[in-house]
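upload38.cif follows; it contains mmCIF, C-alpha atoms.
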```
data_start
loop_
_atom_site.label_atom_id
_atom_site.label_comp_id
_atom_site.auth_asym_id
_atom_site.auth_seq_id
_atom_site.Cartn_x
_atom_site.Cartn_y
_atom_site.Cartn_z
CA MET A 1 -14.24 -10.50 31.15
CA ASP A 2 -10.48 -10.26 31.39
CA PRO A 3 -9.48 -7.79 34.14
CA ILE A 4 -7.13 -5.92 31.79
CA ILE A 5 -10.13 -4.97 29.63
CA LEU A 6 -11.88 -3.78 32.77
CA PHE A 7 -8.90 -1.51 33.45
CA PHE A 8 -9.36 -0.03 30.00
CA LEU A 9 -13.08 0.56 30.56
CA PHE A 10 -12.25 2.01 33.98
CA GLY A 11 -9.87 4.46 32.31
CA ILE A 12 -12.54 5.52 29.80
CA LEU A 13 -15.12 6.05 32.55
CA ALA A 14 -12.69 8.03 34.71
CA GLY A 15 -11.79 10.16 31.68
CA VAL A 16 -15.39 10.74 30.64
CA ALA A 17 -16.23 11.73 34.23
CA ARG A 18 -13.38 14.28 33.97
CA SER A 19 -11.37 12.79 36.78
CA PRO A 20 -7.95 14.44 36.93
CA LEU A 21 -6.47 10.94 37.06
CA ARG A 22 -3.49 10.41 34.77
CA LEU A 23 -0.28 8.47 34.84
CA PRO A 24 2.76 10.72 35.09
CA SER A 25 4.34 10.77 31.64
CA GLN A 26 7.56 9.20 32.90
CA VAL A 27 5.57 6.30 34.32
CA TYR A 28 3.75 5.89 31.03
CA ASP A 29 7.09 5.95 29.20
CA PHE A 30 8.45 3.31 31.56
CA ILE A 31 5.41 1.08 31.12
CA THR A 32 5.58 1.21 27.34
CA LEU A 33 9.30 0.52 27.54
CA VAL A 34 8.75 -2.62 29.62
CA LEU A 35 5.91 -3.80 27.36
CA LEU A 36 7.89 -3.30 24.16
CA ILE A 37 10.99 -5.04 25.53
CA SER A 38 8.91 -7.95 26.91
CA ILE A 39 7.27 -8.46 23.54
CA GLY A 40 10.61 -8.25 21.78
CA LEU A 41 12.32 -10.65 24.20
CA LYS A 42 9.61 -13.30 23.90
CA GLY A 43 9.75 -13.08 20.13
CA GLY A 44 13.54 -13.17 20.09
CA VAL A 45 13.72 -16.32 22.21
CA GLU A 46 11.39 -18.08 19.75
CA LEU A 47 13.30 -16.75 16.76
CA SER A 48 16.46 -18.36 18.08
CA LYS A 49 14.79 -21.74 17.54
CA LEU A 50 13.88 -21.06 13.91
CA SER A 51 15.93 -21.02 10.73
CA PHE A 52 15.95 -18.02 8.45
CA SER A 53 14.74 -20.10 5.50
CA ALA A 54 11.65 -21.09 7.49
CA LEU A 55 11.00 -17.45 8.27
CA LEU A 56 11.55 -15.99 4.83
CA PRO A 57 8.08 -16.77 3.39
CA GLN A 58 6.50 -15.33 6.54
CA ILE A 59 8.58 -12.17 6.39
CA THR A 60 7.77 -11.62 2.71
CA THR A 61 4.04 -12.24 3.12
CA VAL A 62 3.75 -9.98 6.15
CA LEU A 63 5.70 -7.16 4.49
CA LEU A 64 3.54 -7.48 1.40
CA MET A 65 0.44 -7.20 3.57
CA GLY A 66 1.91 -4.04 5.09
CA PHE A 67 2.10 -2.46 1.64
CA ILE A 68 -1.32 -3.65 0.47
CA LEU A 69 -3.50 -2.60 3.43
CA PRO A 70 -2.89 1.17 3.15
CA LEU A 71 -3.32 0.96 -0.63
CA VAL A 72 -6.78 -0.54 -0.06
CA ALA A 73 -7.72 1.97 2.63
CA PHE A 74 -6.66 5.06 0.68
CA PRO A 75 -9.18 4.97 -2.21
CA ILE A 76 -12.00 4.26 0.24
CA LEU A 77 -11.11 7.31 2.29
CA PHE A 78 -10.33 9.51 -0.70
CA SER A 79 -13.34 8.84 -2.90
CA MET A 80 -16.01 7.48 -0.53
CA GLY A 81 -15.00 9.48 2.52
CA ARG A 82 -14.19 12.62 0.48
CA PHE A 83 -11.18 13.36 2.63
CA LYS A 84 -8.42 15.60 1.36
CA ARG A 85 -5.57 13.70 -0.24
CA ALA A 86 -3.19 14.29 2.69
CA ASP A 87 -5.78 13.27 5.26
CA ALA A 88 -6.78 10.13 3.36
CA ALA A 89 -3.12 9.14 2.96
CA SER A 90 -2.39 9.73 6.62
CA ILE A 91 -5.39 7.74 7.87
CA ALA A 92 -4.53 4.95 5.42
CA ALA A 93 -1.00 4.82 6.85
CA HIS A 94 -2.38 4.54 10.38
CA TYR A 95 -4.56 1.59 9.36
CA GLY A 96 -1.83 -0.17 7.40
CA SER A 97 0.50 -0.02 10.36
CA VAL A 98 0.04 -1.76 13.72
CA SER A 99 -0.71 -1.02 17.34
CA VAL A 100 1.59 -2.64 19.86
CA GLY A 101 -1.00 -2.14 22.59
CA THR A 102 -3.56 -4.15 20.63
CA PHE A 103 -0.96 -6.84 19.97
CA ALA A 104 -0.15 -7.06 23.69
CA VAL A 105 -3.84 -7.51 24.52
CA ALA A 106 -4.14 -10.23 21.85
CA VAL A 107 -1.15 -12.05 23.36
CA ALA A 108 -2.68 -11.75 26.83
CA TYR A 109 -6.00 -13.04 25.46
CA MET A 110 -4.36 -16.12 23.94
CA SER A 111 -2.43 -16.82 27.15
CA SER A 112 -5.45 -16.46 29.41
CA GLN A 113 -7.49 -18.82 27.20
CA ALA A 114 -4.51 -21.18 26.98
CA ILE A 115 -4.49 -20.93 23.19
CA PRO A 116 -1.08 -21.83 21.75
CA PHE A 117 0.45 -19.49 19.16
CA GLU A 118 3.82 -18.90 17.48
CA GLU A 119 5.58 -16.55 19.89
CA HIS A 120 7.86 -15.17 17.21
CA VAL A 121 4.90 -13.21 15.80
CA ALA A 122 6.46 -10.26 17.66
CA LEU A 123 8.71 -10.00 14.62
CA PHE A 124 5.61 -9.25 12.52
CA VAL A 125 4.90 -6.20 14.66
CA VAL A 126 8.19 -4.66 13.60
CA LEU A 127 7.73 -5.68 9.97
CA LEU A 128 4.23 -4.22 9.77
CA GLU A 129 5.10 -0.97 11.43
CA ILE A 130 7.18 0.37 8.56
CA PRO A 131 5.74 -0.24 5.03
CA ALA A 132 2.50 1.66 5.66
CA ILE A 133 4.41 4.80 6.62
CA LEU A 134 6.28 4.76 3.32
CA VAL A 135 3.10 4.10 1.35
CA GLY A 136 1.29 6.88 3.23
CA ILE A 137 3.97 9.44 2.45
CA VAL A 138 4.10 8.50 -1.22
CA LEU A 139 0.29 8.60 -1.46
CA ALA A 140 0.25 12.09 0.05
CA LYS A 141 3.21 13.63 -1.72
CA GLY A 142 3.98 11.48 -4.71
CA LEU A 143 7.56 10.44 -5.36
CA ASN A 144 9.16 13.85 -5.28
CA SER A 145 12.57 14.99 -4.18
CA GLU A 146 11.23 17.31 -1.49
CA THR A 147 10.60 14.45 0.92
CA HIS A 148 13.44 14.15 3.42
CA TRP A 149 13.76 10.38 3.39
CA GLY A 150 16.82 10.41 5.65
CA LYS A 151 14.91 12.22 8.36
CA ILE A 152 11.90 9.95 7.93
CA ALA A 153 14.06 6.82 8.07
CA HIS A 154 15.61 8.13 11.26
CA GLU A 155 12.16 8.74 12.73
CA VAL A 156 10.83 5.33 11.66
CA PHE A 157 13.74 3.03 12.43
CA LEU A 158 15.02 4.76 15.55
CA GLY A 159 11.63 5.75 16.98
CA LYS A 160 10.89 4.39 20.44
CA GLY A 161 8.59 1.58 19.28
CA VAL A 162 10.74 0.01 16.60
CA ILE A 163 14.07 0.35 18.38
CA LEU A 164 12.83 -1.21 21.64
CA LEU A 165 11.13 -4.09 19.84
CA VAL A 166 14.18 -4.75 17.71
CA GLY A 167 16.48 -4.42 20.74
CA GLY A 168 14.32 -6.91 22.66
CA LEU A 169 14.20 -9.32 19.71
CA ILE A 170 17.98 -9.28 19.33
CA ILE A 171 18.66 -9.67 23.06
CA GLY A 172 16.16 -12.54 23.28
CA TRP A 173 17.62 -14.13 20.18
CA ILE A 174 21.19 -13.96 21.49
CA ALA A 175 20.38 -14.91 25.09
CA GLY A 176 18.01 -17.78 24.26
CA PRO A 177 15.55 -19.38 26.70
CA GLN A 178 18.07 -20.06 29.49
CA GLY A 179 19.63 -16.65 29.18
CA VAL A 180 16.44 -14.69 29.68
CA ALA A 181 15.38 -16.83 32.67
CA SER A 182 17.09 -14.43 35.06
CA ILE A 183 15.09 -11.40 33.86
CA GLU A 184 11.80 -13.26 33.55
CA PRO A 185 10.30 -11.92 36.82
CA LEU A 186 10.24 -8.34 35.53
CA PHE A 187 9.55 -8.81 31.86
CA PHE A 188 7.33 -11.92 31.73
CA ASP A 189 5.79 -12.46 35.16
CA LEU A 190 4.70 -8.84 35.58
CA PHE A 191 3.54 -8.51 31.97
CA LYS A 192 -0.19 -8.59 32.63
CA GLY A 193 -0.06 -6.20 35.58
CA ILE A 194 1.92 -3.71 33.56
CA LEU A 195 -0.42 -4.18 30.63
CA ALA A 196 -3.33 -3.39 32.97
CA LEU A 197 -1.72 -0.07 33.93
CA PHE A 198 -0.99 0.66 30.29
CA LEU A 199 -4.63 0.03 29.39
CA LEU A 200 -5.79 2.29 32.20
CA GLU A 201 -3.82 5.13 30.65
CA MET A 202 -5.02 4.13 27.16
CA GLY A 203 -8.59 4.37 28.46
CA LEU A 204 -7.89 7.89 29.72
CA ILE A 205 -6.35 8.86 26.37
CA THR A 206 -9.21 7.26 24.43
CA SER A 207 -11.78 9.18 26.46
CA SER A 208 -10.10 12.46 25.47
CA HIS A 209 -10.66 11.54 21.82
CA LEU A 210 -14.31 10.58 22.22
CA SER A 211 -15.45 14.20 22.27
CA SER A 212 -14.09 14.79 18.76
CA LEU A 213 -16.04 11.79 17.40
CA LYS A 214 -19.20 13.81 16.89
CA LYS A 215 -17.39 16.47 14.89
CA HIS A 216 -15.98 14.05 12.36
CA GLY A 217 -19.09 12.30 11.33
CA VAL A 218 -20.55 8.92 10.74
CA PHE A 219 -18.18 7.97 7.95
CA LEU A 220 -15.12 7.97 10.19
CA VAL A 221 -16.90 5.88 12.83
CA CYS A 222 -18.00 3.31 10.23
CA PHE A 223 -14.54 3.27 8.68
CA GLY A 224 -12.97 2.77 12.14
CA ILE A 225 -15.00 -0.41 12.62
CA ILE A 226 -15.41 -1.84 9.11
CA MET A 227 -11.81 -1.33 7.99
CA PRO A 228 -10.26 -3.37 10.83
CA VAL A 229 -12.75 -6.20 10.32
CA ALA A 230 -11.98 -6.27 6.58
CA SER A 231 -8.23 -6.11 7.25
CA SER A 232 -8.52 -8.94 9.76
CA VAL A 233 -9.85 -11.19 6.99
CA VAL A 234 -6.74 -10.39 4.93
CA GLY A 235 -4.53 -11.06 7.97
CA ALA A 236 -6.31 -14.31 8.80
CA LEU A 237 -6.04 -15.55 5.20
CA ALA A 238 -2.32 -14.72 5.27
CA GLY A 239 -2.03 -16.70 8.53
CA VAL A 240 -3.76 -19.73 7.01
CA PHE A 241 -1.60 -19.44 3.89
CA LEU A 242 1.53 -19.43 6.09
CA ASN A 243 0.32 -22.49 8.01
CA LEU A 244 0.24 -20.68 11.32
CA SER A 245 -1.70 -22.22 14.21
CA ILE A 246 -5.19 -20.88 14.95
CA GLY A 247 -3.73 -18.71 17.71
CA GLY A 248 -0.98 -17.37 15.45
CA THR A 249 -3.48 -16.71 12.68
CA ALA A 250 -5.70 -14.81 15.10
CA ILE A 251 -2.77 -12.66 16.17
CA LEU A 252 -1.78 -11.89 12.58
CA ALA A 253 -5.43 -11.00 11.91
CA THR A 254 -5.38 -8.72 14.95
CA LEU A 255 -2.20 -7.05 13.72
CA ALA A 256 -3.77 -6.45 10.32
CA ALA A 257 -6.86 -5.02 12.01
CA SER A 258 -5.02 -2.73 14.41
CA ALA A 259 -4.23 0.89 13.66
CA SER A 260 -1.10 2.70 14.80
CA TYR A 261 -1.19 5.54 17.28
CA ILE A 262 2.47 6.04 18.16
CA ALA A 263 4.91 5.56 15.28
CA VAL A 264 2.69 6.64 12.40
CA PRO A 265 1.30 9.84 13.96
CA ALA A 266 4.84 11.06 14.65
CA ALA A 267 6.11 10.15 11.19
CA MET A 268 3.08 11.68 9.46
CA ARG A 269 3.25 14.84 11.52
CA ILE A 270 6.78 15.43 10.29
CA SER A 271 6.46 14.32 6.69
CA VAL A 272 2.84 15.22 5.86
CA PRO A 273 2.21 18.24 8.11
CA GLU A 274 -0.86 19.37 6.17
CA ALA A 275 -2.75 16.24 7.23
CA ASN A 276 -5.01 16.87 10.22
CA PRO A 277 -3.75 14.62 13.04
CA THR A 278 -7.08 14.82 14.88
CA LEU A 279 -8.84 12.84 12.13
CA SER A 280 -6.48 9.87 12.13
CA LEU A 281 -6.10 9.77 15.91
CA THR A 282 -9.83 10.01 16.49
CA ALA A 283 -10.31 7.04 14.20
CA SER A 284 -7.44 4.91 15.46
CA LEU A 285 -7.67 5.72 19.18
CA GLY A 286 -11.28 6.76 19.62
CA ILE A 287 -12.84 3.96 17.58
CA THR A 288 -10.55 1.20 16.35
CA PHE A 289 -8.45 0.59 19.45
CA PRO A 290 -11.41 0.14 21.84
CA PHE A 291 -13.33 -1.87 19.22
CA ASN A 292 -10.39 -4.21 18.67
CA ILE A 293 -9.57 -4.93 22.28
CA VAL A 294 -13.15 -5.36 23.48
CA PHE A 295 -14.84 -7.05 20.50
CA GLY A 296 -12.23 -7.51 17.78
CA ILE A 297 -9.79 -9.98 19.28
CA PRO A 298 -12.39 -12.65 20.21
CA LEU A 299 -13.98 -12.10 16.78
CA TYR A 300 -10.65 -12.54 14.95
CA TYR A 301 -9.96 -15.69 16.96
CA TYR A 302 -13.33 -17.07 15.93
CA LEU A 303 -12.68 -16.05 12.32
CA SER A 304 -9.29 -17.78 12.33
CA GLY A 305 -10.79 -21.00 13.68
CA TYR A 306 -13.50 -20.83 11.02
CA LEU A 307 -11.04 -20.27 8.16
CA HIS A 308 -8.86 -23.12 9.42
CA THR A 309 -11.80 -25.52 9.24
CA ILE A 310 -12.96 -24.52 5.76
CA ILE A 311 -9.57 -24.11 4.02
CA MET B 295 33.87 43.79 34.52
CA ASN B 296 31.00 44.45 36.86
CA THR B 297 28.86 41.35 36.38
CA LEU B 298 26.09 42.57 38.67
CA ASN B 299 25.45 45.51 36.45
CA PRO B 300 25.70 44.21 32.97
CA GLN B 301 25.70 46.74 30.22
CA SER B 302 22.13 46.49 29.06
CA SER B 303 22.58 44.89 25.69
CA ASP B 304 20.31 44.21 22.79
CA HIS B 305 19.78 40.59 23.88
CA GLN B 306 16.45 38.98 23.47
CA LEU B 307 14.77 35.96 24.99
CA LEU B 308 13.06 34.14 22.14
CA THR B 309 10.41 31.65 23.27
CA ILE B 310 8.86 29.03 21.01
CA ILE B 311 5.99 26.86 22.24
CA THR B 312 5.21 24.07 19.84
CA GLU B 313 4.66 20.35 19.19
CA ALA B 314 7.25 18.03 20.72
CA VAL B 315 7.49 16.11 17.47
CA LEU B 316 9.39 19.06 15.96
CA GLU B 317 12.11 19.13 18.60
CA SER B 318 15.04 17.63 16.74
CA THR B 319 14.33 19.55 13.52
CA LEU B 320 13.87 22.88 15.30
CA VAL B 321 17.03 22.55 17.33
CA GLU B 322 19.02 21.99 14.15
CA GLU B 323 17.43 24.97 12.41
CA ILE B 324 17.82 27.31 15.37
CA GLU B 325 21.52 26.56 15.63
CA LYS B 326 21.97 26.99 11.90
CA LEU B 327 20.32 30.41 12.12
CA GLY B 328 22.87 31.59 14.64
CA ALA B 329 21.74 30.65 18.16
CA ASN B 330 24.55 29.53 20.47
CA GLY B 331 22.37 27.55 22.82
CA TYR B 332 18.84 26.79 23.96
CA THR B 333 16.78 25.40 26.83
CA ILE B 334 13.89 22.99 26.27
CA MET B 335 11.04 22.19 28.65
CA ASP B 336 8.09 19.82 28.41
CA VAL B 337 4.91 21.82 28.85
CA ARG B 338 1.15 21.51 28.46
CA GLY B 339 -1.66 23.94 27.84
CA LYS B 340 -4.42 25.03 25.54
CA GLY B 341 -4.41 27.04 22.35
CA HIS B 342 -6.44 27.34 19.18
CA LYS B 343 -5.47 23.79 18.23
CA GLY B 344 -7.21 22.60 21.41
CA VAL B 345 -5.95 21.21 24.71
CA ARG B 346 -2.50 19.75 24.36
CA ASN B 347 -2.19 17.98 27.69
CA ALA B 348 1.02 16.05 27.05
CA GLY B 349 -0.86 12.89 28.05
CA TRP B 350 1.20 10.98 25.53
CA ASP B 351 3.61 11.49 22.68
CA ALA B 352 1.33 12.75 19.94
CA ASN B 353 0.05 15.74 21.86
CA ALA B 354 3.11 16.61 23.87
CA ASN B 355 4.34 20.20 23.75
CA ILE B 356 7.72 21.74 24.26
CA ARG B 357 8.88 25.24 25.09
CA ILE B 358 12.21 26.25 23.61
CA GLU B 359 14.01 29.28 24.98
CA VAL B 360 16.87 30.95 23.18
CA ILE B 361 18.86 33.97 24.31
CA CYS B 362 20.38 35.71 21.34
CA GLY B 363 20.92 39.00 19.59
CA SER B 364 17.88 40.72 18.17
CA ASP B 365 19.03 40.03 14.60
CA VAL B 366 19.21 36.28 15.25
CA ALA B 367 15.87 36.35 17.09
CA GLU B 368 14.36 38.13 14.10
CA SER B 369 15.70 35.69 11.53
CA ILE B 370 14.63 32.65 13.59
CA SER B 371 11.11 34.02 14.08
CA VAL B 372 10.67 34.89 10.42
CA TYR B 373 11.97 31.51 9.28
CA LEU B 374 9.83 29.47 11.70
CA LYS B 375 6.73 31.53 11.02
CA GLU B 376 7.12 30.99 7.30
CA LYS B 377 7.78 27.26 7.61
CA TYR B 378 5.52 26.08 10.46
CA TYR B 379 2.69 28.47 11.23
CA ASN B 380 0.30 26.98 8.67
CA ASP B 381 0.42 23.38 9.76
CA TYR B 382 1.65 23.23 13.33
CA ALA B 383 0.60 24.47 16.73
CA MET B 384 3.24 27.13 17.36
CA VAL B 385 3.57 30.32 19.39
CA ILE B 386 6.63 32.56 19.18
CA PHE B 387 7.37 35.64 21.21
CA THR B 388 10.38 37.67 22.27
CA VAL B 389 11.20 39.87 25.24
CA ASP B 390 14.23 42.06 25.91
CA VAL B 391 16.46 40.66 28.61
CA ASN B 392 19.53 41.63 30.56
CA VAL B 393 22.04 38.86 30.78
CA MET B 394 24.92 38.57 33.21
CA ARG B 395 27.53 37.41 30.76
CA PRO B 396 26.53 38.87 27.41
CA GLU B 397 29.66 37.52 25.72
CA LYS B 398 28.19 34.00 26.06
CA PHE B 399 25.40 34.69 23.66
#
```
Could I get this file's structure written as structure tokens?
Amino acid sequence: MDPIILFFLFGILAGVARSPLRLPSQVYDFITLVLLISIGLKGGVELSKLSFSALLPQITTVLLMGFILPLVAFPILFSMGRFKRADAASIAAHYGSVSVGTFAVAVAYMSSQAIPFEEHVALFVVLLEIPAILVGIVLAKGLNSETHWGKIAHEVFLGKGVILLVGGLIIGWIAGPQGVASIEPLFFDLFKGILALFLLEMGLITSSHLSSLKKHGVFLVCFGIIMPVASSVVGALAGVFLNLSIGGTAILATLAASASYIAVPAAMRISVPEANPTLSLTASLGITFPFNIVFGIPLYYYLSGYLHTII
Amino acid sequence: MNTLNPQSSDHQLLTIITEAVLESTLVEEIEKLGANGYTIMDVRGKGHKGVRNAGWDANANIRIEVICGSDVAESISVYLKEKYYNDYAMVIFTVDVNVMRPEKF
């Protein structure tokens, strides 16, 4: 098993055993900053080699997927799960959006197995982050004038995740492969070590959400596992449709399967305050994140290979 | 003016402990309601919405302190209570304080 996954399990165990272990919040902030910029930079360097016309179909398809996934999740949560409208909309938004942590683990998985993939997929992370938030808000509130779209746009586009990814993409795109060579030791060479520390903290955070699993019932647990697997099929089909490599398809499938736990919770907390944040975070952090990084990613890779052979 | 013995004024220290996600909105509203300044700290603790241990962004807490006249403290408390108490983790309290340079507030 990849050591970074062991760090995650270590974090969960330490948390469950009530160890006072935790990363200082500034360290955690720094680690996420480095991870987001690394991902952005890598993507940006690859983007500089591609033409916009080649990217346009990919951008459109990925954005479309970002709008569709929460629309599929919402009715399941609302009618089958019997959640309140606001809660169903908020959880749907979490599942339509993406988790950068899961993406980073998928990238590390591909690299350690020497599976080639299109490195510019980092762009998809940014693209998928946003539509689900908009859909979630509209599902919860309808299209009324009370929603402060300016404030929400500020939160979404200038939030830590999106701005660092976009900043990294642009810097990588401008600097190109030779340009970023000088900063490679920090951002690329140390990537896996930093990811290991990040996953240690994620394990600790996940363990703090495990206790609320019991309270929220079987439905949420099932949803947290079945929804990502179903979404991954959509993502993998999109990858095949876009002619991505098997590795690229697997990463797009992983992105579709992942659920947000940074950008969406903040945006939902501000714009749909009546939604209970514990529900969506329990599902996305307590169930889907661990499922995806331990079992999901190898499964989505297998799925992508399978779809490539039959289509 | 004798700054060591300030004329005990009607100043109040208004303290708000709430979710960090509200910071930018609250700051705007507090200033609009008449506060001339504020101090913000990152904090952690436990309340009826459970442990908020500031382990990461979504359960980070802040403590906002405002020194202001009792009328401003009153209007801020009433406004925030009305707008946020239902949906957010929020505690508000006030204490009377003596300040050294009352003209600042």
Check which residues of chain A sit at most 10 Å from chain B using all atoms listed in the file, and return one row each with the closest pair of atoms and their distance in Å to one decimal, ordered by chain and rising number, as CSV.
```
residue,atom,partner,partner_atom,distance
A:Arg22,CA,B:Gly349,CA,7.6
A:Leu23,CA,B:Gly349,CA,8.1
A:Pro24,CA,B:Gly349,CA,8.2
A:Ser25,CA,B:Gly349,CA,6.7
A:Gln26,CA,B:Trp350,CA,9.9
A:Tyr28,CA,B:Trp350,CA,7.9
A:Asp29,CA,B:Trp350,CA,8.6
A:Lys151,CA,B:Thr319,CA,9.0
A:Glu155,CA,B:Val315,CA,9.9
A:Glu201,CA,B:Gly349,CA,8.7
A:Met202,CA,B:Trp350,CA,9.4
A:Leu204,CA,B:Gly349,CA,8.8
A:Ile205,CA,B:Gly349,CA,7.0
A:Ser208,CA,B:Gly349,CA,9.6
A:Tyr261,CA,B:Ala352,CA,8.1
A:Ile262,CA,B:Ala352,CA,7.0
A:Ala263,CA,B:Ala352,CA,9.3
A:Val264,CA,B:Ala352,CA,9.8
A:Pro265,CA,B:Ala352,CA,6.7
A:Ala266,CA,B:Val315,CA,6.4
A:Ala267,CA,B:Val315,CA,8.8
A:Arg269,CA,B:Val315,CA,7.4
A:Ile270,CA,B:Leu316,CA,7.2
A:Val272,CA,B:Asp381,CA,9.4
A:Pro273,CA,B:Asp381,CA,5.7
A:Glu274,CA,B:Asp381,CA,5.5
A:Ala275,CA,B:Asp381,CA,8.2
A:Asn276,CA,B:Asp381,CA,8.5
A:Pro277,CA,B:Ala352,CA,8.8
A:Thr278,CA,B:Lys343,CA,9.7
A:Leu281,CA,B:Ala352,CA,9.0
```
Take the residues just selected and output them with C-alpha atoms as a compact mmCIF listing (two decimals), in the coordinates of the input.
```txt
# COMPACT_ATOMS: atom_id res chain seq x y z
CA ARG A 22 -3.49 10.41 34.77
CA LEU A 23 -0.28 8.47 34.84
CA PRO A 24 2.76 10.72 35.09
CA SER A 25 4.34 10.77 31.64
CA GLN A 26 7.56 9.20 32.90
CA TYR A 28 3.75 5.89 31.03
CA ASP A 29 7.09 5.95 29.20
CA LYS A 151 14.91 12.22 8.36
CA GLU A 155 12.16 8.74 12.73
CA GLU A 201 -3.82 5.13 30.65
CA MET A 202 -5.02 4.13 27.16
CA LEU A 204 -7.89 7.89 29.72
CA ILE A 205 -6.35 8.86 26.37
CA SER A 208 -10.10 12.46 25.47
CA TYR A 261 -1.19 5.54 17.28
CA ILE A 262 2.47 6.04 18.16
CA ALA A 263 4.91 5.56 15.28
CA VAL A 264 2.69 6.64 12.40
CA PRO A 265 1.30 9.84 13.96
CA ALA A 266 4.84 11.06 14.65
CA ALA A 267 6.11 10.15 11.19
CA ARG A 269 3.25 14.84 11.52
CA ILE A 270 6.78 15.43 10.29
CA VAL A 272 2.84 15.22 5.86
CA PRO A 273 2.21 18.24 8.11
CA GLU A 274 -0.86 19.37 6.17
CA ALA A 275 -2.75 16.24 7.23
CA ASN A 276 -5.01 16.87 10.22
CA PRO A 277 -3.75 14.62 13.04
CA THR A 278 -7.08 14.82 14.88
CA LEU A 281 -6.10 9.77 15.91
```
Q: Between A:Leu307, A:Val107, A:Ile12, A:Leu69, single out the one closest to Phe191 of chain A, counting only C-alpha atoms.
A: A:Val107
Q) What do you get, as a VMD selection string, if you spell out every residue that the PyMOL selection byres ((chain B and resi 321) around 12) selects here? A) chain B and resid 310 314 to 320 322 to 334 356 to 360 370 374
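Counting from atom CA of Gly167 of chain A, the distance to atom CA of Leu242 of chain A is 25.8 Å.
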Q: Starting from the displayed file, determine the output of the PyMOL selection byres ((chain B and resi 367) around 9) and express the residue list as number ranges by chain.
A: B: 305-308, 327-329, 360-366, 368-372, 388
**Q.** Closest of B:Ile311, B:Arg395, B:Val389, B:Tyr379 to Lys340 of chain B - atom-to-atom distances counting only C-alpha atoms
**A.** B:Ile311
Q: Considering all atoms listed in the file, state which residue in the set A:Ile171, A:Leu139, A:Leu299, A:Leu199 is at the smallest distance from Ile251 of chain A.
A: A:Leu299
Q) Using all atoms listed in the file, which residue out of B:Asp336, B:Met384, B:Lys377, B:Gly341 lies closest to Thr312 of chain B? A) B:Met384
**Q.** Selection under test: the PyMOL selection byres ((chain A and resi 244) around 12); residues as number ranges by chain
**A.** A: 55, 57-58, 116-121, 235-243, 245-253, 304-305, 307-308
Q: Give me, please, the distance in Å between atom CA of Leu36 of chain A and atom CA of Leu303 of chain A, quoted to one decimal.
A: 26.9 Å
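When the distance limit is 7 Å and all atoms listed in the file are what count, the residues near Pro70 of chain A, minus those fewer than 5 positions from it on the same chain, are Ala92, Ala93, Tyr95, Gly96, Ala132 and Val135 of chain A.
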Q | For atom CA of Ser271 of chain A and atom CA of Leu77 of chain A, the interatomic separation in Å (one decimal) | A | 19.4 Å
(Q) Need the shell around Gly203 of chain A: protein/DNA/RNA residues with any atom at most 12 Å away, counting all atoms listed in the file. Skip same-chain ones fewer than 4 positions apart. Format as a VMD selection string? (A) (chain A and resid 4 to 16 21 to 23 101 196 to 199 207 to 210 285 to 287 289 to 290 293 to 294) or (chain B and resid 349)
Using the selection just defined, write its residues with C-alpha atoms as a CSV table (one decimal), in the coordinates of the input.
```csv
chain,number,residue,atom,x,y,z
A,4,ILE,CA,-7.1,-5.9,31.8
A,5,ILE,CA,-10.1,-5.0,29.6
A,6,LEU,CA,-11.9,-3.8,32.8
A,7,PHE,CA,-8.9,-1.5,33.4
A,8,PHE,CA,-9.4,0.0,30.0
A,9,LEU,CA,-13.1,0.6,30.6
A,10,PHE,CA,-12.2,2.0,34.0
A,11,GLY,CA,-9.9,4.5,32.3
A,12,ILE,CA,-12.5,5.5,29.8
A,13,LEU,CA,-15.1,6.0,32.6
A,14,ALA,CA,-12.7,8.0,34.7
A,15,GLY,CA,-11.8,10.2,31.7
A,16,VAL,CA,-15.4,10.7,30.6
A,21,LEU,CA,-6.5,10.9,37.1
A,22,ARG,CA,-3.5,10.4,34.8
A,23,LEU,CA,-0.3,8.5,34.8
A,101,GLY,CA,-1.0,-2.1,22.6
A,196,ALA,CA,-3.3,-3.4,33.0
A,197,LEU,CA,-1.7,-0.1,33.9
A,198,PHE,CA,-1.0,0.7,30.3
A,199,LEU,CA,-4.6,0.0,29.4
A,207,SER,CA,-11.8,9.2,26.5
A,208,SER,CA,-10.1,12.5,25.5
A,209,HIS,CA,-10.7,11.5,21.8
A,210,LEU,CA,-14.3,10.6,22.2
A,285,LEU,CA,-7.7,5.7,19.2
A,286,GLY,CA,-11.3,6.8,19.6
A,287,ILE,CA,-12.8,4.0,17.6
A,289,PHE,CA,-8.4,0.6,19.4
A,290,PRO,CA,-11.4,0.1,21.8
A,293,ILE,CA,-9.6,-4.9,22.3
A,294,VAL,CA,-13.2,-5.4,23.5
B,349,GLY,CA,-0.9,12.9,28.0
```
